[in-house]
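> Sending over input_3.csv (CSV, C-alpha atoms).
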```
chain,number,residue,atom,x,y,z
Q,773,MET,CA,-10.7,18.4,8.9
Q,774,THR,CA,-7.2,18.9,10.2
Q,775,ILE,CA,-3.8,19.7,8.8
Q,776,SER,CA,-3.0,16.0,8.7
Q,777,VAL,CA,-5.5,15.7,5.8
Q,778,ALA,CA,-3.4,18.2,3.8
Q,779,TYR,CA,-0.2,16.4,4.7
Q,780,TRP,CA,-1.7,13.1,3.5
Q,781,CYS,CA,-2.7,14.9,0.3
Q,782,ILE,CA,0.9,15.9,-0.2
Q,783,VAL,CA,1.8,12.2,0.2
Q,784,ILE,CA,-0.7,11.2,-2.5
Q,785,ALA,CA,0.4,14.0,-4.8
Q,786,VAL,CA,4.0,12.9,-4.5
Q,787,ILE,CA,3.1,9.3,-5.3
Q,788,LEU,CA,0.9,10.2,-8.4
Q,789,PRO,CA,3.8,10.8,-10.9
Q,790,TYR,CA,5.0,7.3,-10.2
Q,791,VAL,CA,1.6,5.9,-10.9
Q,792,TRP,CA,1.6,7.7,-14.3
Q,793,THR,CA,5.1,6.6,-15.1
Q,794,THR,CA,4.2,2.9,-14.3
Q,795,ILE,CA,1.3,3.2,-16.7
Q,796,ALA,CA,3.6,4.8,-19.4
Q,797,LYS,CA,6.2,2.1,-19.1
Q,798,SER,CA,3.7,-0.8,-19.0
Q,799,GLY,CA,2.0,0.4,-22.1
Q,800,GLY,CA,5.0,0.5,-24.4
Q,801,LYS,CA,7.0,-2.2,-26.1
Q,802,GLY,CA,10.5,-3.4,-25.0
Q,803,TYR,CA,11.0,-1.0,-22.1
Q,804,ASN,CA,14.8,-0.3,-21.7
Q,805,ASN,CA,15.9,0.9,-18.3
Q,806,LYS,CA,19.4,1.8,-19.7
Q,807,ASP,CA,17.8,4.6,-21.7
Q,808,PRO,CA,14.4,5.4,-20.3
Q,809,ARG,CA,14.0,8.8,-21.9
Q,810,GLY,CA,15.2,7.7,-25.3
Q,811,TRP,CA,12.8,4.7,-25.0
Q,812,THR,CA,9.9,7.1,-24.2
Q,813,ALA,CA,10.8,9.4,-27.1
Q,814,ARG,CA,10.6,6.4,-29.5
Q,815,GLN,CA,7.2,5.2,-28.4
Q,816,GLU,CA,4.4,5.5,-30.9
Q,817,ASN,CA,1.6,4.4,-28.5
Q,818,PRO,CA,-0.3,7.5,-27.5
Q,819,ARG,CA,-1.2,6.1,-24.1
Q,820,THR,CA,2.5,5.7,-23.3
Q,821,ARG,CA,3.2,9.3,-24.4
Q,822,TYR,CA,0.2,10.7,-22.6
Q,823,ALA,CA,1.0,8.9,-19.4
Q,824,ASN,CA,4.5,10.2,-19.6
Q,825,GLY,CA,3.1,13.7,-20.1
Q,826,ALA,CA,0.9,13.2,-17.0
Q,827,GLN,CA,4.0,12.1,-15.0
Q,828,LEU,CA,6.0,15.2,-16.1
Q,829,ASN,CA,3.1,17.5,-15.4
Q,830,SER,CA,2.7,16.0,-11.9
Q,831,PHE,CA,6.3,16.5,-11.1
Q,832,GLU,CA,6.1,20.1,-12.3
Q,833,SER,CA,2.9,20.9,-10.3
Q,834,ASN,CA,3.9,19.3,-7.0
Q,835,PRO,CA,6.4,21.9,-5.7
Q,836,VAL,CA,3.9,24.8,-5.9
Q,837,PHE,CA,1.2,22.7,-4.2
Q,838,ILE,CA,3.6,21.6,-1.4
Q,839,GLY,CA,4.7,25.2,-1.0
Q,840,SER,CA,1.1,26.5,-0.8
Q,841,VAL,CA,0.2,24.1,2.0
Q,842,LEU,CA,3.3,25.1,4.0
Q,843,MET,CA,2.6,28.8,3.3
Q,844,ALA,CA,-1.0,28.4,4.5
Q,845,GLN,CA,0.1,26.6,7.6
Q,846,PHE,CA,2.8,29.2,8.4
Q,847,ALA,CA,0.2,32.0,7.8
Q,848,HIS,CA,-2.2,30.2,10.2
Q,849,LEU,CA,-5.0,29.8,7.7
Q,850,PRO,CA,-7.8,27.7,9.1
Q,851,GLU,CA,-6.9,24.0,8.9
Q,852,GLN,CA,-10.2,23.2,7.3
Q,853,THR,CA,-9.4,25.6,4.4
Q,854,ILE,CA,-6.0,24.1,3.9
Q,855,ALA,CA,-7.4,20.6,4.0
Q,856,LEU,CA,-10.2,21.4,1.6
Q,857,CYS,CA,-8.0,23.0,-0.9
Q,858,SER,CA,-5.6,20.1,-0.7
Q,859,ILE,CA,-8.4,17.6,-1.3
Q,860,ILE,CA,-9.5,19.6,-4.3
Q,861,TYR,CA,-6.0,19.7,-5.7
Q,862,VAL,CA,-5.5,15.9,-5.3
Q,863,ILE,CA,-8.8,15.1,-6.9
Q,864,ALA,CA,-8.1,17.4,-9.7
Q,865,ARG,CA,-4.6,15.9,-10.2
Q,866,VAL,CA,-6.0,12.3,-10.3
Q,867,LEU,CA,-8.6,13.4,-12.8
Q,868,HIS,CA,-5.9,15.3,-14.8
Q,869,GLY,CA,-3.9,12.1,-15.2
Q,870,VAL,CA,-6.9,10.1,-16.1
Q,871,PHE,CA,-8.1,12.6,-18.7
Q,872,TYR,CA,-4.5,13.1,-20.0
Q,873,ILE,CA,-4.1,9.3,-20.6
Q,874,SER,CA,-7.5,8.9,-22.1
Q,875,ALA,CA,-6.9,11.9,-24.5
Q,876,GLN,CA,-9.7,14.0,-23.2
Q,877,HIS,CA,-7.8,17.3,-23.6
Q,878,ALA,CA,-10.6,19.8,-22.7
Q,879,LEU,CA,-11.4,18.0,-19.5
Q,880,ARG,CA,-7.7,17.7,-18.7
Q,881,SER,CA,-7.3,21.4,-19.0
Q,882,LEU,CA,-10.4,22.1,-17.0
Q,883,VAL,CA,-9.3,20.0,-14.0
Q,884,TRP,CA,-5.8,21.5,-14.3
Q,885,PHE,CA,-7.3,24.9,-13.8
Q,886,VAL,CA,-9.3,23.6,-10.8
Q,887,GLY,CA,-6.2,22.2,-9.2
Q,888,ILE,CA,-4.0,25.2,-9.8
Q,889,GLY,CA,-6.9,27.4,-8.6
Q,890,ALA,CA,-6.9,25.7,-5.3
Q,891,VAL,CA,-3.2,26.2,-5.0
Q,892,PHE,CA,-3.3,29.9,-6.0
Q,893,TYR,CA,-6.2,30.4,-3.5
Q,894,LEU,CA,-4.0,29.1,-0.7
Q,895,ILE,CA,-1.0,31.3,-1.8
Q,896,VAL,CA,-3.1,34.5,-2.1
Q,897,GLN,CA,-5.0,33.9,1.2
Q,898,SER,CA,-1.7,33.2,3.0
Q,899,ALA,CA,-0.2,36.5,1.7
Q,900,LEU,CA,-3.3,38.4,2.6
Q,901,HIS,CA,-3.5,36.8,6.1
Q,902,ILE,CA,0.2,37.6,6.8
Q,903,THR,CA,-0.2,41.2,5.5
Q,904,ALA,CA,-3.2,41.8,7.7
Q,905,ALA,CA,-1.3,40.4,10.7
Q,906,ALA,CA,1.7,42.6,10.2
```
Once you've parsed the file, please lay out its structure as structure tokens.

Amino acid sequence: MTISVAYWCIVIAVILPYVWTTIAKSGGKGYNNKDPRGWTARQENPRTRYANGAQLNSFESNPVFIGSVLMAQFAHLPEQTIALCSIIYVIARVLHGVFYISAQHALRSLVWFVGIGAVFYLIVQSALHITAAA
């Protein structure tokens, strides 16, 4: 595996929030693009609310993932490690959205921890690698 795998995982991670928002907007009644946040707040369909939550969580999680990949590359971690952690993160994020929308809260939390664990691993390993090289 090469660094290109990690970069493609970034592309997938950036697209995921838009997948979840499409699901949220397609599951509600009378979508109003003039006031999308107000429309979302008024929705009673749990699937719409959960898909919106998955979207928001994806947007919140992506910067730290992208930063961890860039840190790891800058620190010259093995490309296989960066790629593997990126794949774990993306799989966890896909499952997180699926479990969020299907109201499986315990599984959602579990895969969230797996994904963020992969990110934290890259961050800590990058810091250790740079410290050892200094």
> (-4.1, 14.0, -8.5) in this file's frame - what residues fall within 12 Å of it? Use all atoms listed in the file and give the answer as an MDAnalysis selection string.
chainID Q and resid 781:792 826:827 829:831 833:834 837 858:872 880 883:884 886:888
> Point out the residue among Q:Ser898, Q:Gln876, Q:Thr820, Q:Gln845 with the least atom-to-atom distance to Tyr803 in chain Q, counting all atoms listed in the file.
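The answer is Q:Thr820, which sits nearest to Tyr803 in chain Q.
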> Compare Q:Cys857, Q:Ala878, Q:Ala796, Q:Ile895 by their minimum atom-to-atom distance to Ser840 in chain Q, counting all atoms listed in the file, and give me the closest one.
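With all atoms listed in the file as the atom set, the closest residue is Q:Ile895.
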> Can you pull out every residue within 9 Å of Asn817 in chain Q, counting all atoms listed in the file, but drop anything in the same chain fewer than 6 positions away, and send it as a PyMOL selection string?
chain Q and resi 799-801
> Work out how far CA of Thr793 in chain Q is from CA of Val841 in chain Q, in Å to one decimal.
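Calculated distance between CA of Val841 in chain Q and CA of Thr793 in chain Q is 25.0 Å.
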> State, in Å with one decimal place, the distance from CA of Lys806 in chain Q to CA of Tyr822 in chain Q.
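CA of Lys806 in chain Q sits 21.4 Å away from CA of Tyr822 in chain Q.
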